[in-house]
Amino acid sequence: MHDGYNGHTITALRPAKNRVDPYIPYHFLHEQEPGLSGGFETVNTVFLTGRECAFKCLMCDLWKNTLDEAVPGAILKQVDYALERLPPAKHIKLYNNGNFFDTKAISPGEYSAIADRLRGYKKVIVENHPKLSNRHCLEFKALLAGRLEIAMGLETIHPEILPRLNKQLTAEDFRKATIYLNSHNIDVRAFVLLNPPFLTNERESIAWTIRSLKFAFESGAVRCSVIPVRPGNGVMDMLLKAHDYVPPTLGMLEEVFDKALSLKLGQVFADTWDLRFLSKCSLCFDQRVKRLEEMNLTQQIKPPIQCTCGND
Ligand code: SF4
Ligand SMILES: [Zn+2]
């Protein structure tokens, strides 16, 4: 088994980035999420075209829609572009394919103007690396009219695999960051992986995803998303060929999600973005994804979809 790859090797194996416009967010959408105290809440999600993240995690493909360098003032223009086109919503997510509090991606000098645009929102959700939980988070929070929630990748608490992901993070770093943010009234949502590289046994992989979810909630996260790890970033395709990474099945995602919901530790989501790579049966795939989406919204386990394929 390979010990892991450094940032230089990981970037050398990458295919080309997508062409992106620094003044236009590469995607935005209006969606619903369950409220923390029941009911549904509307969310506007803006995927900002930002500067590429300085961390080079093994499994990451978010760099595909990023710029090599930040363009001063461009993030604000992108927020305006999206807000002019989105309907009103209760909450807003600003995801920049990296870390909102990476000052090379978004300068603290821009916080005030961005916060001003977000005045009508009850909650603002941004993504950030746990190691960048610092005074910049507090500065931005102080400028907001609504509450701040920070989404952070815990990825996995597997003690041999987390160090190999080049995330430059320990489970303890995540826990400390969550405690710090919570102590400043900032909510935390966590991302955990299903089938990270080097975890190729199905039963073990499911067990570690559940353990990681539990750890995130015990640390103080209020929501947790399960992300099935996909190939396609260069190094993951190499790991796939070497059998050091195995794509999860839709059946595994369903099992983890059912288990996680039954634990009732907090809100759990199965990430359903672009799940086509998990499709093995054209008869039941769409219905099964729809079931996951309904479960994301209701936080209730729905009856499984029956199919002649046996639902792998
Ligand atoms: S910290 Fe997040 S955005 Fe940055 S490389 Fe890792 S997974 Fe990708
Ligand atoms: Zn089927």
# chains A, B, ... in the order shown; residues from 1 in each chain; ligands from 1
call {"tool": "residues_around", "arguments": {"residues": "A:Leu253", "least_positions_apart": "5", "cutoff": "8 Å", "atoms": "only C-alpha atoms", "output": "list in words"}}
result
Leu194, Pro228, Pro248 and Ala270 of chain A
call {"tool": "residues_near_ligand", "arguments": {"ligand": "ligand 2", "cutoff": "8 Å", "atoms": "only C-alpha atoms and all ligand atoms", "output": "list in words"}}
result
Lys280, Cys281, Ser282, Leu283, Cys284, Phe285, Gln306, Cys307, Thr308, Cys309, Gly310, Asn311 and Asp312 of chain A
call {"tool": "select_by_dssp", "arguments": {"residues": "stretch 139-196 of chain A", "states": "alpha helix (DSSP H)", "output": "list in words"}}
result
Glu139, Phe140, Lys141, Ala142, Leu143, Ala171, Glu172, Asp173, Phe174, Arg175, Lys176, Ala177, Thr178, Ile179, Tyr180, Leu181, Asn182 and Ser183 of chain A
call {"tool": "write_last_selection", "arguments": {"atoms": "C-alpha atoms", "output": "compact mmCIF listing (two decimals), in the first residue's frame"}}
result
# COMPACT_ATOMS: atom_id res chain seq x y z
CA GLU A 139 -14.63 39.31 12.09
CA PHE A 140 -16.97 38.15 9.34
CA LYS A 141 -19.57 36.92 11.85
CA ALA A 142 -19.59 40.32 13.58
CA LEU A 143 -20.52 41.96 10.25
CA ALA A 171 -9.40 14.50 14.06
CA GLU A 172 -8.31 16.48 17.12
CA ASP A 173 -7.79 19.61 14.94
CA PHE A 174 -11.39 19.23 13.75
CA ARG A 175 -12.67 18.82 17.31
CA LYS A 176 -10.76 21.86 18.56
CA ALA A 177 -11.96 23.99 15.63
CA THR A 178 -15.58 22.97 16.25
CA ILE A 179 -15.33 23.79 19.96
CA TYR A 180 -13.75 27.16 19.13
CA LEU A 181 -16.45 28.05 16.61
CA ASN A 182 -19.30 26.82 18.82
CA SER A 183 -17.94 28.90 21.70
call {"tool": "closest_residue", "arguments": {"among": "A:Lys302, A:His184, A:Lys56, A:Arg147", "to": "ligand 1", "atoms": "only C-alpha atoms and all ligand atoms"}}
result
A:Lys56
call {"tool": "closest_residue", "arguments": {"among": "A:Lys131, A:Ile10, A:Ile106, A:Tyr121", "to": "A:Val43", "atoms": "only C-alpha atoms"}}
result
A:Tyr121
call {"tool": "residues_near_ligand", "arguments": {"ligand": "ligand 1", "cutoff": "6 Å", "atoms": "only C-alpha atoms and all ligand atoms", "output": "PyMOL selection string"}}
result
chain A and resi 53+55-57+60+62+97-98+129+167
call {"tool": "select_by_dssp", "arguments": {"residues": "stretch 208-297 of chain A", "states": "strand (DSSP E or B)", "output": "VMD selection string"}}
result
chain A and resid 223 to 228 267 to 270
call {"tool": "write_last_selection", "arguments": {"atoms": "C-alpha atoms", "output": "JSON list (two decimals), in the first residue's frame"}}
result
[["chain", "number", "residue", "atom", "x", "y", "z"],
["A", 223, "ARG", "CA", -25.28, 18.69, 10.54],
["A", 224, "CYS", "CA", -23.23, 16.16, 8.65],
["A", 225, "SER", "CA", -23.08, 15.34, 4.93],
["A", 226, "VAL", "CA", -21.81, 12.02, 3.63],
["A", 227, "ILE", "CA", -19.78, 12.47, 0.44],
["A", 228, "PRO", "CA", -19.21, 9.41, -1.77],
["A", 267, "GLN", "CA", -29.15, 16.20, 10.78],
["A", 268, "VAL", "CA", -27.53, 13.93, 8.22],
["A", 269, "PHE", "CA", -27.46, 14.29, 4.45],
["A", 270, "ALA", "CA", -26.40, 11.98, 1.68]]
call {"tool": "residues_around", "arguments": {"residues": "A:Ser37", "least_positions_apart": "4", "cutoff": "12 Å", "atoms": "only C-alpha atoms", "output": "list in words"}}
result
Glu33, Glu41, Val222, Gly266 and Gln267 of chain A
call {"tool": "closest_residue", "arguments": {"among": "A:Glu127, A:Ala74, A:Ile92, A:Tyr245", "to": "A:Ala113", "atoms": "only C-alpha atoms"}}
result
A:Ala74
call {"tool": "closest_residue", "arguments": {"among": "A:Cys137, A:Leu165, A:Ile305, A:Leu86", "to": "A:Gln287", "atoms": "only C-alpha atoms"}}
result
A:Ile305
call {"tool": "residues_around", "arguments": {"residues": "A:Pro196", "least_positions_apart": "4", "cutoff": "8 Å", "atoms": "only C-alpha atoms", "output": "list in words"}}
result
Met59, Glu155, Thr156, Ile161, Val229 and Tyr245 of chain A
call {"tool": "write_last_selection", "arguments": {"atoms": "N, CA and C atoms", "output": "PDB file, in the first residue's frame"}}
result
ATOM      1  N   MET A  59      -8.309  13.424  -2.538  1.00  0.00           N
ATOM      2  CA  MET A  59      -9.596  13.072  -3.150  1.00  0.00           C
ATOM      3  C   MET A  59     -10.309  14.284  -3.734  1.00  0.00           C
ATOM      4  N   GLU A 155     -13.643  14.522   6.859  1.00  0.00           N
ATOM      5  CA  GLU A 155     -13.261  13.453   5.919  1.00  0.00           C
ATOM      6  C   GLU A 155     -13.358  12.069   6.568  1.00  0.00           C
ATOM      7  N   THR A 156     -12.417  11.719   7.414  1.00  0.00           N
ATOM      8  CA  THR A 156     -12.488  10.433   8.126  1.00  0.00           C
ATOM      9  C   THR A 156     -11.666  10.559   9.396  1.00  0.00           C
ATOM     10  N   ILE A 161      -5.603   6.561   7.686  1.00  0.00           N
ATOM     11  CA  ILE A 161      -6.004   7.083   6.377  1.00  0.00           C
ATOM     12  C   ILE A 161      -6.061   8.612   6.349  1.00  0.00           C
ATOM     13  N   VAL A 229     -16.875   9.252  -2.376  1.00  0.00           N
ATOM     14  CA  VAL A 229     -15.651   9.702  -3.070  1.00  0.00           C
ATOM     15  C   VAL A 229     -15.664   9.195  -4.508  1.00  0.00           C
ATOM     16  N   TYR A 245      -8.110   2.448  -4.256  1.00  0.00           N
ATOM     17  CA  TYR A 245      -9.375   3.158  -4.067  1.00  0.00           C
ATOM     18  C   TYR A 245     -10.443   2.382  -4.820  1.00  0.00           C
TER      19      TYR A 245
END
